[in-house]
file work03.txt (compact mmCIF, C-alpha atoms)
# COMPACT_ATOMS: atom_id res chain seq x y z
CA MET A 7 9.22 -5.94 35.24
CA THR A 8 6.60 -5.51 32.52
CA ALA A 9 5.50 -2.02 31.59
CA SER A 10 1.77 -1.42 31.19
CA ARG A 11 2.56 0.41 27.98
CA GLN A 12 5.35 -0.56 25.61
CA MET A 13 7.18 1.27 22.84
CA LYS A 14 6.54 0.63 19.19
CA LEU A 15 9.62 0.50 16.96
CA GLY A 16 9.97 0.83 13.21
CA ALA A 17 13.16 0.19 11.26
CA PHE A 18 13.34 2.85 8.53
CA LEU A 19 15.28 1.27 5.65
CA TRP A 20 17.11 3.43 3.13
CA ALA A 21 19.76 1.79 0.92
CA THR A 22 23.15 2.71 2.42
CA GLY A 23 21.72 4.65 5.38
CA HIS A 24 20.11 7.91 6.45
CA TYR A 25 23.24 10.04 6.41
CA ILE A 26 23.34 11.60 2.98
CA ALA A 27 27.00 10.56 2.71
CA ALA A 28 26.49 7.10 4.22
CA TRP A 29 27.67 5.54 0.95
CA ARG A 30 31.13 7.00 1.69
CA HIS A 31 31.44 5.20 5.02
CA PRO A 32 34.14 2.48 4.84
CA LYS A 33 31.72 -0.12 6.23
CA ALA A 34 28.72 0.87 4.10
CA HIS A 35 27.39 -1.29 1.28
CA VAL A 36 27.59 1.09 -1.68
CA THR A 37 25.31 -0.87 -4.05
CA ALA A 38 22.76 -1.60 -1.32
CA GLY A 39 19.86 -0.04 -3.21
CA ILE A 40 19.82 -2.85 -5.78
CA ASP A 41 20.93 -5.78 -3.62
CA ILE A 42 17.98 -7.87 -2.43
CA ASP A 43 20.21 -9.93 -0.14
CA HIS A 44 21.15 -6.70 1.67
CA TYR A 45 17.49 -5.88 2.34
CA ILE A 46 16.71 -9.45 3.40
CA ARG A 47 19.48 -9.23 5.98
CA LEU A 48 18.19 -5.90 7.30
CA ALA A 49 14.61 -7.19 7.52
CA ARG A 50 15.70 -10.31 9.36
CA THR A 51 17.83 -8.26 11.76
CA ALA A 52 14.85 -6.06 12.58
CA GLU A 53 12.56 -9.06 12.95
CA ALA A 54 15.00 -10.87 15.25
CA ALA A 55 15.00 -7.72 17.42
CA LYS A 56 11.15 -7.83 17.45
CA PHE A 57 10.62 -4.48 15.69
CA ASP A 58 6.97 -3.78 14.91
CA MET A 59 7.66 -2.93 11.28
CA ILE A 60 10.10 -2.03 8.58
CA PHE A 61 9.35 1.24 6.81
CA CYS A 62 10.32 2.18 3.25
CA GLU A 63 10.13 5.71 1.91
CA ASP A 64 9.67 6.50 -1.77
CA ALA A 65 9.94 9.45 -4.10
CA ALA A 66 9.03 9.47 -7.77
CA GLY A 67 12.18 11.36 -8.75
CA LEU A 68 15.66 12.39 -7.59
CA ARG A 69 15.18 14.75 -4.68
CA GLU A 70 18.52 16.55 -4.65
CA ALA A 71 19.20 18.13 -8.01
CA ASN A 72 22.65 19.33 -9.08
CA VAL A 73 24.78 17.30 -6.69
CA ASN A 74 27.60 14.92 -7.59
CA ILE A 75 26.58 11.80 -9.48
CA ALA A 76 28.19 9.39 -6.99
CA SER A 77 25.93 10.66 -4.23
CA GLN A 78 22.83 10.45 -6.40
CA THR A 79 23.70 6.96 -7.62
CA SER A 80 24.26 5.60 -4.13
CA ARG A 81 21.34 7.35 -2.38
CA SER A 82 18.62 7.46 -4.98
CA ILE A 83 18.89 4.26 -6.98
CA GLY A 84 16.80 1.57 -5.39
CA PHE A 85 13.92 -0.82 -5.76
CA GLU A 86 10.34 0.36 -6.00
CA PRO A 87 9.33 -0.24 -2.38
CA ILE A 88 6.10 -2.24 -2.73
CA SER A 89 7.91 -4.67 -5.03
CA LEU A 90 10.73 -4.84 -2.47
CA LEU A 91 8.35 -5.50 0.42
CA SER A 92 6.62 -8.24 -1.57
CA ALA A 93 9.98 -9.99 -1.80
CA LEU A 94 10.66 -9.43 1.91
CA ALA A 95 7.22 -10.78 2.80
CA VAL A 96 8.34 -14.31 1.92
CA GLN A 97 11.68 -13.91 3.71
CA THR A 98 10.07 -12.87 7.04
CA SER A 99 7.10 -14.09 9.04
CA ARG A 100 6.11 -11.54 11.70
CA ILE A 101 7.45 -8.04 11.10
CA GLY A 102 5.18 -5.40 9.55
CA LEU A 103 5.85 -4.11 6.02
CA VAL A 104 5.10 -0.42 5.39
CA SER A 105 5.68 1.47 2.16
CA THR A 106 5.18 5.05 1.04
CA ALA A 107 2.94 5.76 -1.94
CA SER A 108 1.80 9.17 -3.13
CA THR A 109 -1.80 10.31 -3.54
CA SER A 110 -0.60 12.81 -6.15
CA TYR A 111 0.75 10.26 -8.65
CA ASN A 112 -1.44 7.20 -8.12
CA GLU A 113 -5.10 6.26 -8.47
CA PRO A 114 -6.97 4.88 -5.45
CA TYR A 115 -8.33 1.67 -6.97
CA GLY A 116 -4.91 0.48 -8.16
CA LEU A 117 -3.17 1.48 -4.95
CA ALA A 118 -5.82 -0.15 -2.75
CA ARG A 119 -5.52 -3.38 -4.73
CA THR A 120 -1.71 -3.37 -4.58
CA PHE A 121 -1.51 -2.88 -0.80
CA LEU A 122 -4.30 -5.38 -0.12
CA SER A 123 -2.40 -7.90 -2.24
CA LEU A 124 0.74 -7.29 -0.16
CA ASP A 125 -1.37 -7.68 2.97
CA HIS A 126 -2.61 -11.10 1.88
CA LEU A 127 0.85 -12.18 0.68
CA SER A 128 2.28 -11.35 4.11
CA GLY A 129 -0.54 -12.70 6.27
CA GLY A 130 -1.79 -9.29 7.43
CA ARG A 131 1.43 -7.32 7.85
CA ALA A 132 1.08 -4.49 5.30
CA GLY A 133 0.81 -0.76 5.83
CA TRP A 134 0.49 2.25 3.52
CA ASN A 135 2.33 5.50 4.31
CA LEU A 136 0.17 8.16 2.67
CA VAL A 137 2.09 11.17 1.33
CA THR A 138 0.98 13.99 -0.94
CA SER A 139 4.44 14.62 -2.51
CA ALA A 140 5.99 18.08 -2.31
CA SER A 141 8.78 18.08 -4.88
CA PRO A 142 8.58 19.86 -8.26
CA ILE A 143 11.08 17.27 -9.52
CA GLU A 144 8.52 14.53 -8.91
CA ALA A 145 5.74 16.57 -10.51
CA ALA A 146 7.80 16.96 -13.69
CA ASN A 147 7.99 13.17 -14.07
CA PHE A 148 4.22 12.88 -14.41
CA GLY A 149 3.52 15.44 -17.11
CA SER A 150 2.61 18.09 -14.59
CA THR A 151 3.33 21.75 -15.25
CA GLY A 152 4.18 22.27 -11.61
CA LEU A 153 3.54 21.26 -8.06
CA ARG A 154 -0.10 21.37 -6.99
CA PRO A 155 -0.82 23.95 -4.26
CA HIS A 156 -0.56 22.54 -0.73
CA ALA A 157 -4.31 22.82 -0.04
CA ASP A 158 -5.19 21.11 -3.33
CA ARG A 159 -2.82 18.21 -2.60
CA TYR A 160 -4.53 17.59 0.72
CA GLU A 161 -8.02 17.88 -0.69
CA ARG A 162 -7.11 15.19 -3.20
CA ALA A 163 -5.52 13.12 -0.43
CA ARG A 164 -8.66 13.24 1.72
CA GLU A 165 -10.82 11.91 -1.08
CA PHE A 166 -8.13 9.38 -2.05
CA ALA A 167 -8.01 8.02 1.53
CA ASP A 168 -11.81 7.78 1.68
CA VAL A 169 -11.92 5.74 -1.53
CA VAL A 170 -9.11 3.41 -0.44
CA THR A 171 -10.53 2.73 3.01
CA GLY A 172 -13.95 2.16 1.49
CA LEU A 173 -12.50 -0.39 -0.92
CA TRP A 174 -10.60 -2.13 1.88
CA SER A 175 -13.80 -2.33 3.94
CA GLY A 176 -15.38 -4.50 1.26
CA LYS A 177 -18.11 -2.02 0.41
CA ALA A 178 -19.59 -2.49 -3.04
CA SER A 179 -20.93 1.05 -3.38
CA ALA A 180 -19.52 3.14 -6.20
CA HIS A 181 -17.69 6.42 -5.71
CA ASP A 182 -18.11 9.47 -7.91
CA GLY A 183 -16.20 12.39 -6.44
CA GLN A 184 -14.32 15.53 -7.35
CA SER A 185 -11.06 13.78 -8.27
CA PHE A 186 -11.91 10.08 -8.57
CA SER A 187 -14.58 7.74 -9.88
CA VAL A 188 -14.66 4.06 -8.88
CA ARG A 189 -17.34 1.57 -9.97
CA ASP A 190 -16.42 -1.88 -8.66
CA PRO A 191 -15.27 -3.36 -5.36
CA LEU A 192 -11.84 -4.97 -5.20
CA ASP A 193 -11.37 -8.50 -6.51
CA LEU A 194 -9.87 -9.62 -3.17
CA PRO A 195 -11.38 -10.58 0.18
CA ARG A 196 -11.00 -8.48 3.33
CA SER A 197 -7.53 -8.16 4.83
CA PRO A 198 -6.39 -10.73 7.42
CA GLN A 199 -6.05 -7.75 9.79
CA GLY A 200 -9.28 -6.03 8.72
CA ALA A 201 -7.47 -3.46 6.58
CA PRO A 202 -3.83 -2.56 5.93
CA VAL A 203 -2.46 -0.10 8.49
CA MET A 204 -2.66 3.56 7.44
CA VAL A 205 0.48 5.60 8.15
CA GLN A 206 0.87 9.35 7.57
CA ALA A 207 3.65 11.90 7.94
CA GLY A 208 2.02 15.29 7.34
CA ALA A 209 2.62 17.81 10.14
CA SER A 210 0.94 20.93 8.75
CA ASP A 211 -2.49 21.86 10.12
CA VAL A 212 -4.34 20.17 7.27
CA GLY A 213 -1.94 17.22 7.49
CA ARG A 214 -2.73 16.78 11.18
CA ASP A 215 -6.46 16.90 10.50
CA LEU A 216 -6.12 14.23 7.82
CA ALA A 217 -4.09 12.08 10.21
CA ALA A 218 -6.59 12.54 13.05
CA ARG A 219 -9.34 11.43 10.69
CA THR A 220 -7.74 8.45 8.96
CA ALA A 221 -4.26 7.48 10.25
CA ASP A 222 -3.36 4.53 12.48
CA VAL A 223 0.29 5.61 12.78
CA VAL A 224 1.89 9.03 12.37
CA PHE A 225 5.58 9.45 11.50
CA THR A 226 6.81 12.90 12.45
CA ALA A 227 9.96 14.96 13.05
CA ALA A 228 10.71 16.82 16.28
CA GLN A 229 14.05 18.10 17.52
CA THR A 230 13.15 18.90 21.12
CA PHE A 231 10.98 17.28 23.76
CA GLU A 232 8.78 20.38 23.80
CA GLU A 233 8.18 20.16 20.03
CA ALA A 234 7.42 16.44 20.26
CA LYS A 235 5.07 16.88 23.23
CA ALA A 236 3.18 19.75 21.59
CA PHE A 237 2.66 17.72 18.39
CA TYR A 238 1.61 14.63 20.35
CA ASP A 239 -0.94 16.49 22.49
CA ASP A 240 -2.33 18.42 19.53
CA LEU A 241 -2.84 15.36 17.34
CA LYS A 242 -4.26 13.17 20.12
CA GLY A 243 -6.64 16.02 20.93
CA ARG A 244 -7.98 16.16 17.36
CA VAL A 245 -9.14 12.55 17.05
CA ALA A 246 -12.31 12.95 19.14
CA ALA A 247 -13.81 15.15 16.44
CA TYR A 248 -13.76 12.08 14.17
CA GLY A 249 -15.26 9.67 16.72
CA ARG A 250 -11.92 8.15 17.65
CA GLU A 251 -9.99 7.49 20.87
CA PRO A 252 -6.47 8.86 21.49
CA ASP A 253 -5.01 5.34 21.52
CA ASP A 254 -6.46 4.65 18.06
CA ILE A 255 -3.45 6.50 16.64
CA LYS A 256 0.21 5.76 17.40
CA ILE A 257 2.69 8.64 17.09
CA MET A 258 6.20 7.49 16.18
CA PRO A 259 8.73 10.31 15.68
CA GLY A 260 11.89 9.63 13.73
CA VAL A 261 15.11 9.13 15.70
CA ALA A 262 18.61 8.85 14.25
CA PRO A 263 20.78 7.05 16.85
CA VAL A 264 24.55 6.72 16.84
CA VAL A 265 25.32 4.17 19.54
CA ALA A 266 28.46 2.46 20.82
CA GLU A 267 29.80 0.68 23.90
CA THR A 268 31.18 3.95 25.30
CA GLU A 269 30.14 7.57 24.90
CA ALA A 270 33.57 8.46 23.52
CA GLU A 271 33.24 5.82 20.80
CA ALA A 272 29.77 7.06 19.91
CA ARG A 273 30.97 10.68 19.67
CA GLU A 274 33.86 9.59 17.48
CA LYS A 275 31.52 7.65 15.18
CA HIS A 276 29.28 10.69 14.89
CA GLU A 277 32.14 13.04 14.03
CA GLU A 278 33.42 10.63 11.39
CA LEU A 279 29.97 10.60 9.79
CA GLN A 280 29.78 14.40 9.86
CA GLU A 281 33.13 14.70 8.11
CA LEU A 282 31.86 12.55 5.23
CA ILE A 283 29.29 15.16 4.14
CA PRO A 284 30.53 17.42 1.29
CA ASP A 285 29.22 20.97 1.66
CA ASP A 286 27.65 21.01 -1.81
CA VAL A 287 25.68 17.84 -1.08
CA GLY A 288 24.53 19.05 2.34
CA VAL A 289 23.40 22.42 1.02
CA ALA A 290 21.65 20.81 -1.97
CA LEU A 291 19.67 18.53 0.35
CA LEU A 292 18.78 21.44 2.62
CA SER A 293 17.70 23.50 -0.40
CA SER A 294 15.39 20.76 -1.66
CA TYR A 295 13.58 20.48 1.68
CA LEU A 296 13.32 24.26 2.01
CA SER A 297 12.09 24.60 -1.60
CA ILE A 298 14.72 27.25 -2.37
CA SER A 299 16.92 26.86 -5.44
CA ASP A 300 19.50 29.59 -4.85
CA LEU A 301 20.69 28.93 -1.29
CA TRP A 302 24.27 28.79 -2.61
CA ARG A 303 24.29 32.51 -3.37
CA TYR A 304 24.23 33.27 0.37
CA PRO A 305 27.46 33.07 2.44
CA ILE A 306 27.76 29.47 3.63
CA ASP A 307 29.07 30.56 7.01
CA GLY A 308 26.33 33.14 7.41
CA PRO A 309 22.80 32.72 8.75
CA LEU A 310 19.87 31.22 6.90
CA PRO A 311 18.12 34.03 4.99
CA GLN A 312 14.47 34.92 5.36
CA LEU A 313 12.56 32.43 3.22
CA PRO A 314 9.34 32.99 1.28
CA GLU A 315 6.46 30.63 2.02
CA SER A 316 6.48 27.72 -0.40
CA GLU A 317 4.05 25.08 -1.64
CA GLY A 318 6.52 22.36 -0.59
CA MET A 319 7.02 20.70 2.80
CA LYS A 320 5.68 23.48 5.00
CA SER A 321 6.08 21.72 8.35
CA ARG A 322 9.65 20.59 7.64
CA GLN A 323 10.61 24.07 6.44
CA ALA A 324 9.24 25.56 9.68
CA LEU A 325 11.16 23.00 11.77
CA VAL A 326 14.47 23.75 10.03
CA VAL A 327 14.05 27.52 10.22
CA GLU A 328 13.18 27.28 13.93
CA GLN A 329 16.29 25.19 14.63
CA SER A 330 18.57 27.57 12.72
CA ARG A 331 17.27 30.53 14.72
CA ARG A 332 17.19 28.72 18.08
CA ASP A 333 20.72 27.31 17.82
CA GLY A 334 22.29 30.18 15.85
CA LEU A 335 23.48 27.85 13.08
CA SER A 336 25.16 28.99 9.88
CA ILE A 337 24.04 27.53 6.55
CA ARG A 338 27.04 25.16 6.60
CA GLN A 339 26.30 23.98 10.15
CA LEU A 340 22.60 23.62 9.46
CA ALA A 341 23.24 21.69 6.23
CA ARG A 342 25.57 19.25 7.98
CA HIS A 343 23.16 18.73 10.83
CA PHE A 344 20.17 18.35 8.52
CA ALA A 345 22.00 15.94 6.21
CA GLY A 346 22.46 13.53 9.10
CA ALA A 347 18.76 12.84 9.60
CA ARG A 348 16.80 15.31 7.40
CA GLY A 349 15.48 17.26 10.37
CA HIS A 350 14.79 14.30 12.65
CA TRP A 351 15.99 13.92 16.23
CA ARG A 352 19.57 12.68 16.59
CA VAL A 353 20.81 10.84 19.71
CA VAL A 354 24.48 9.97 20.27
CA GLY A 355 25.74 7.85 23.17
CA THR A 356 25.82 4.48 24.87
CA ALA A 357 22.90 2.04 24.87
CA ALA A 358 21.87 3.28 28.30
CA GLN A 359 22.10 6.94 27.26
CA VAL A 360 20.06 6.35 24.08
CA ALA A 361 17.50 4.31 26.04
CA ASN A 362 17.28 7.10 28.64
CA GLU A 363 16.42 9.63 25.93
CA LEU A 364 13.82 7.37 24.29
CA GLN A 365 12.29 6.52 27.66
CA ALA A 366 12.01 10.18 28.64
CA ARG A 367 10.00 11.06 25.53
CA PHE A 368 7.94 7.88 25.68
CA GLU A 369 7.03 8.15 29.36
CA GLY A 370 6.74 11.95 29.12
CA GLY A 371 3.83 11.62 26.70
CA ALA A 372 5.68 12.81 23.60
CA ALA A 373 5.73 9.51 21.64
CA ASP A 374 4.15 6.07 21.44
CA GLY A 375 7.33 4.72 19.90
CA PHE A 376 9.96 5.63 17.33
CA ASN A 377 10.89 5.12 13.71
CA VAL A 378 14.59 4.27 13.94
CA MET A 379 16.76 5.82 11.20
CA PRO A 380 20.25 4.20 11.26
CA SER A 381 23.10 6.35 9.95
CA TYR A 382 24.49 3.63 7.71
CA PHE A 383 23.58 0.03 6.97
CA PRO A 384 24.06 -2.57 8.17
CA GLY A 385 26.31 -1.33 11.01
CA GLU A 386 24.05 1.10 12.86
CA LEU A 387 20.96 -1.12 12.64
CA ASP A 388 23.05 -3.95 14.08
CA ALA A 389 24.26 -1.65 16.88
CA PHE A 390 20.74 -0.55 17.80
CA ALA A 391 19.41 -4.11 17.68
CA THR A 392 22.20 -5.59 19.81
CA LEU A 393 22.78 -2.72 22.25
CA VAL A 394 19.67 -0.55 22.63
CA VAL A 395 16.87 -3.10 22.18
CA PRO A 396 18.13 -5.36 25.00
CA GLU A 397 18.40 -2.30 27.26
CA LEU A 398 14.79 -1.35 26.50
CA GLN A 399 13.73 -4.95 27.14
CA ARG A 400 15.50 -4.99 30.51
CA ARG A 401 13.52 -1.90 31.48
CA GLY A 402 10.24 -3.53 30.46
CA LEU A 403 9.73 -0.92 27.74
CA PHE A 404 9.82 -3.21 24.70
CA ARG A 405 8.61 -6.73 23.90
CA ARG A 406 10.85 -9.77 24.14
CA ASP A 407 8.75 -11.65 21.59
CA TYR A 408 5.81 -11.07 19.27
CA GLU A 409 2.41 -11.81 20.77
CA GLY A 410 0.44 -11.55 17.52
CA ARG A 411 0.97 -12.15 13.82
CA THR A 412 -0.46 -9.04 12.13
CA LEU A 413 0.85 -5.49 12.12
CA ARG A 414 -2.31 -4.27 13.85
CA GLU A 415 -1.75 -6.78 16.62
CA HIS A 416 1.86 -5.65 17.05
CA LEU A 417 0.80 -2.01 17.30
CA GLY A 418 -2.19 -2.66 19.57
CA LEU A 419 -4.66 -1.26 17.03
CA LYS A 420 -8.32 -2.16 16.79
CA ARG A 421 -9.49 -4.28 13.89
CA PRO A 422 -11.66 -2.09 11.59
CA ALA A 423 -15.36 -2.90 11.78
call {"tool": "encode", "arguments": {"input": "work03.txt", "output": "structure tokens"}}
result
Amino acid sequence: MTASRQMKLGAFLWATGHYIAAWRHPKAHVTAGIDIDHYIRLARTAEAAKFDMIFCEDAAGLREANVNIASQTSRSIGFEPISLLSALAVQTSRIGLVSTASTSYNEPYGLARTFLSLDHLSGGRAGWNLVTSASPIEAANFGSTGLRPHADRYERAREFADVVTGLWSGKASAHDGQSFSVRDPLDLPRSPQGAPVMVQAGASDVGRDLAARTADVVFTAAQTFEEAKAFYDDLKGRVAAYGREPDDIKIMPGVAPVVAETEAEAREKHEELQELIPDDVGVALLSSYLSISDLWRYPIDGPLPQLPESEGMKSRQALVVEQSRRDGLSIRQLARHFAGARGHWRVVGTAAQVANELQARFEGGAADGFNVMPSYFPGELDAFATLVVPELQRRGLFRRDYEGRTLREHLGLKRPA
């Protein structure tokens, strides 16, 4: 059986894994962040499983301040991702290569040239994940006196995206705007795929508008089907205002699977991972995403306090607060849950059970695919590739082989005019 519509899958790479304490797992590779052979193996595993892309996040600073040095060393030390993907481009031949880069701490001409270079090096497989950066820690590393207000970050991002896409289109016209001035076109020909793929992750109202206007792929977080469906319908409904079709944008929520041959084994694996998370590390991570520095002064077994509105990650803060209220979680419980996947959807079970959950959201109109966030590497990526992917293929929900060579072809995206 061949489905008329098939899932898109990204493999979200992150050193030792997406659990904040993944480095403590007995089968984790503790020095993964600076081991190119480790990343080559992960990329080849994902490519052998026919994933659409590998996805690398980036932050220009250590996100969790005041936690133990072993955790920071193992989670935060790693290669600059565009450099890493350039190395992986020559070790792979089909899988897409997507990296995060911030509009707050880059300039559009240099970033456009860098990603277009990666696109040519890889034969048309590059993508840029546009972020605006929401951490005061990052801001301090660039001579800033503080984090730009949320609205200002997005105003800069809109102009930044316009300049980059204009440069990628081959236009020779100069740009003289509020934040940026560019005189010359790029010193490279058009991309093999027309333009690198544009990925975004903003979920606030202004973030959704920016995505509807410019994104090819949107990476988002949703705990429940209802949340995922509401986001999907809202974003797909916005694209018409920018002269686009709903299928011009692919929505790929994050999913953190823990999969095993039996449900009991999967539950046991999950509990072992949960027990690895020290309370101070979990609360520090939660604090950084909530933009609150004094969460420790509240009783750890009590409820999350009322939080003031911040200039940080507004959509993620709202998601976490909603979950804490909905599920009646204490700070300790919320921190442990959040540390497993940073607010993304977690699925625990057999290959069939995980596939059932993915299929329900995909066929229910809540996702076009998923960005897979393994708990620890390489074990959980191997488990997903060898257990879940074949199950999806048997159901006709995922490709058995690549049909194209570029990332746009994999994702079923139009070539830019």
call {"tool": "atom_distance", "arguments": {"input": "work03.txt", "atom1": "CA of Phe18 in chain A", "atom2": "CA of Met258 in chain A"}}
result
11.4 Å
call {"tool": "atom_distance", "arguments": {"input": "work03.txt", "atom1": "CA of Ala65 in chain A", "atom2": "CA of Ala221 in chain A"}}
result
20.3 Å
call {"tool": "residues_around", "arguments": {"input": "work03.txt", "residues": "range 397-414 of chain A", "least_positions_apart": "5", "cutoff": "10 Å", "atoms": "all atoms listed in the file", "output": "compact mmCIF listing (two decimals) with C-alpha atoms, keeping the file's coordinate frame"}}
result
# COMPACT_ATOMS: atom_id res chain seq x y z
CA MET A 7 9.22 -5.94 35.24
CA THR A 8 6.60 -5.51 32.52
CA ALA A 9 5.50 -2.02 31.59
CA SER A 10 1.77 -1.42 31.19
CA ARG A 11 2.56 0.41 27.98
CA GLN A 12 5.35 -0.56 25.61
CA MET A 13 7.18 1.27 22.84
CA LYS A 14 6.54 0.63 19.19
CA LEU A 15 9.62 0.50 16.96
CA GLU A 53 12.56 -9.06 12.95
CA ALA A 54 15.00 -10.87 15.25
CA ALA A 55 15.00 -7.72 17.42
CA LYS A 56 11.15 -7.83 17.45
CA PHE A 57 10.62 -4.48 15.69
CA ASP A 58 6.97 -3.78 14.91
CA MET A 59 7.66 -2.93 11.28
CA SER A 99 7.10 -14.09 9.04
CA ARG A 100 6.11 -11.54 11.70
CA ILE A 101 7.45 -8.04 11.10
CA GLY A 102 5.18 -5.40 9.55
CA LEU A 103 5.85 -4.11 6.02
CA VAL A 104 5.10 -0.42 5.39
CA ASP A 125 -1.37 -7.68 2.97
CA SER A 128 2.28 -11.35 4.11
CA GLY A 129 -0.54 -12.70 6.27
CA GLY A 130 -1.79 -9.29 7.43
CA ARG A 131 1.43 -7.32 7.85
CA ALA A 132 1.08 -4.49 5.30
CA GLY A 133 0.81 -0.76 5.83
CA PRO A 198 -6.39 -10.73 7.42
CA GLN A 199 -6.05 -7.75 9.79
CA GLY A 200 -9.28 -6.03 8.72
CA ALA A 201 -7.47 -3.46 6.58
CA PRO A 202 -3.83 -2.56 5.93
CA VAL A 203 -2.46 -0.10 8.49
CA ASP A 222 -3.36 4.53 12.48
CA ALA A 357 22.90 2.04 24.87
CA ALA A 358 21.87 3.28 28.30
CA GLN A 359 22.10 6.94 27.26
CA VAL A 360 20.06 6.35 24.08
CA ALA A 361 17.50 4.31 26.04
CA ASN A 362 17.28 7.10 28.64
CA LEU A 364 13.82 7.37 24.29
CA GLN A 365 12.29 6.52 27.66
CA PHE A 368 7.94 7.88 25.68
CA GLU A 369 7.03 8.15 29.36
CA GLY A 375 7.33 4.72 19.90
CA PHE A 390 20.74 -0.55 17.80
CA ALA A 391 19.41 -4.11 17.68
CA THR A 392 22.20 -5.59 19.81
CA LEU A 419 -4.66 -1.26 17.03
CA LYS A 420 -8.32 -2.16 16.79
CA ARG A 421 -9.49 -4.28 13.89
CA PRO A 422 -11.66 -2.09 11.59
call {"tool": "atom_distance", "arguments": {"input": "work03.txt", "atom1": "CA of Asn135 in chain A", "atom2": "CA of Leu216 in chain A"}}
result
12.6 Å
call {"tool": "closest_residue", "arguments": {"input": "work03.txt", "among": "A:Ser123, A:Ser139, A:Gln329, A:Ser210", "to": "Ser197 in chain A", "atoms": "all atoms listed in the file"}}
result
A:Ser123
call {"tool": "closest_residue", "arguments": {"input": "work03.txt", "among": "A:Phe344, A:Trp174, A:Phe186, A:Phe61", "to": "Gln206 in chain A", "atoms": "only C-alpha atoms"}}
result
A:Phe61
call {"tool": "closest_residue", "arguments": {"input": "work03.txt", "among": "A:Leu325, A:Leu417, A:Leu194, A:Met204", "to": "Asp253 in chain A", "atoms": "all atoms listed in the file"}}
result
A:Leu417
call {"tool": "closest_residue", "arguments": {"input": "work03.txt", "among": "A:Gly418, A:Arg332, A:Gly371, A:Ala28", "to": "Phe237 in chain A", "atoms": "only C-alpha atoms"}}
result
A:Gly371
call {"tool": "residues_around", "arguments": {"input": "work03.txt", "residues": "Gly385 in chain A", "least_positions_apart": "3", "cutoff": "12 Å", "atoms": "all atoms listed in the file", "output": "list in words"}}
result
Thr22, Gly23, Ala28, His31, Pro32, Lys33, Ala34, His35, His44, Arg47, Leu48, Thr51, Pro263, Val264, Val265, Ala266, Lys275, Met379, Pro380, Ser381, Tyr382, Asp388, Ala389, Phe390, Ala391, Thr392 and Leu393 of chain A
call {"tool": "closest_residue", "arguments": {"input": "work03.txt", "among": "A:Ala157, A:Leu19, A:Ala236, A:Leu90", "to": "Ala262 in chain A", "atoms": "only C-alpha atoms"}}
result
A:Leu19
call {"tool": "closest_residue", "arguments": {"input": "work03.txt", "among": "A:Val96, A:Ala38, A:Leu127, A:Val169", "to": "Gly183 in chain A", "atoms": "only C-alpha atoms"}}
result
A:Val169
call {"tool": "residues_around", "arguments": {"input": "work03.txt", "residues": "Arg219 in chain A", "least_positions_apart": "5", "cutoff": "12 Å", "atoms": "only C-alpha atoms", "output": "MDAnalysis selection string"}}
result
chainID A and resid 163:165 167:168 171 204:206 212:214 224 241:252 254:255
call {"tool": "residues_around", "arguments": {"input": "work03.txt", "residues": "range 300-304 of chain A", "least_positions_apart": "3", "cutoff": "12 Å", "atoms": "only C-alpha atoms", "output": "short mmCIF file (atom, residue, chain, number, x, y, z; two decimals) with C-alpha atoms, in the frame of the given file"}}
result
data_model
loop_
_atom_site.label_atom_id
_atom_site.label_comp_id
_atom_site.auth_asym_id
_atom_site.auth_seq_id
_atom_site.Cartn_x
_atom_site.Cartn_y
_atom_site.Cartn_z
CA ALA A 71 19.20 18.13 -8.01
CA ASN A 72 22.65 19.33 -9.08
CA ASP A 285 29.22 20.97 1.66
CA ASP A 286 27.65 21.01 -1.81
CA VAL A 287 25.68 17.84 -1.08
CA GLY A 288 24.53 19.05 2.34
CA VAL A 289 23.40 22.42 1.02
CA ALA A 290 21.65 20.81 -1.97
CA LEU A 291 19.67 18.53 0.35
CA LEU A 292 18.78 21.44 2.62
CA SER A 293 17.70 23.50 -0.40
CA SER A 294 15.39 20.76 -1.66
CA TYR A 295 13.58 20.48 1.68
CA LEU A 296 13.32 24.26 2.01
CA SER A 297 12.09 24.60 -1.60
CA ASP A 307 29.07 30.56 7.01
CA GLY A 308 26.33 33.14 7.41
CA PRO A 309 22.80 32.72 8.75
CA LEU A 310 19.87 31.22 6.90
CA PRO A 311 18.12 34.03 4.99
CA GLN A 312 14.47 34.92 5.36
CA LEU A 313 12.56 32.43 3.22
CA SER A 336 25.16 28.99 9.88
CA ILE A 337 24.04 27.53 6.55
CA ARG A 338 27.04 25.16 6.60
CA ALA A 341 23.24 21.69 6.23
#
call {"tool": "axis_aligned_box", "arguments": {"input": "work03.txt", "around": "range 178-197 of chain A", "padding_each_side": "6 Å", "output": "lines of an AutoDock Vina configuration file"}}
result
center_x = -14.2
center_y = 2.5
center_z = -2.6
size_x = 25.4
size_y = 38.1
size_z = 26.8
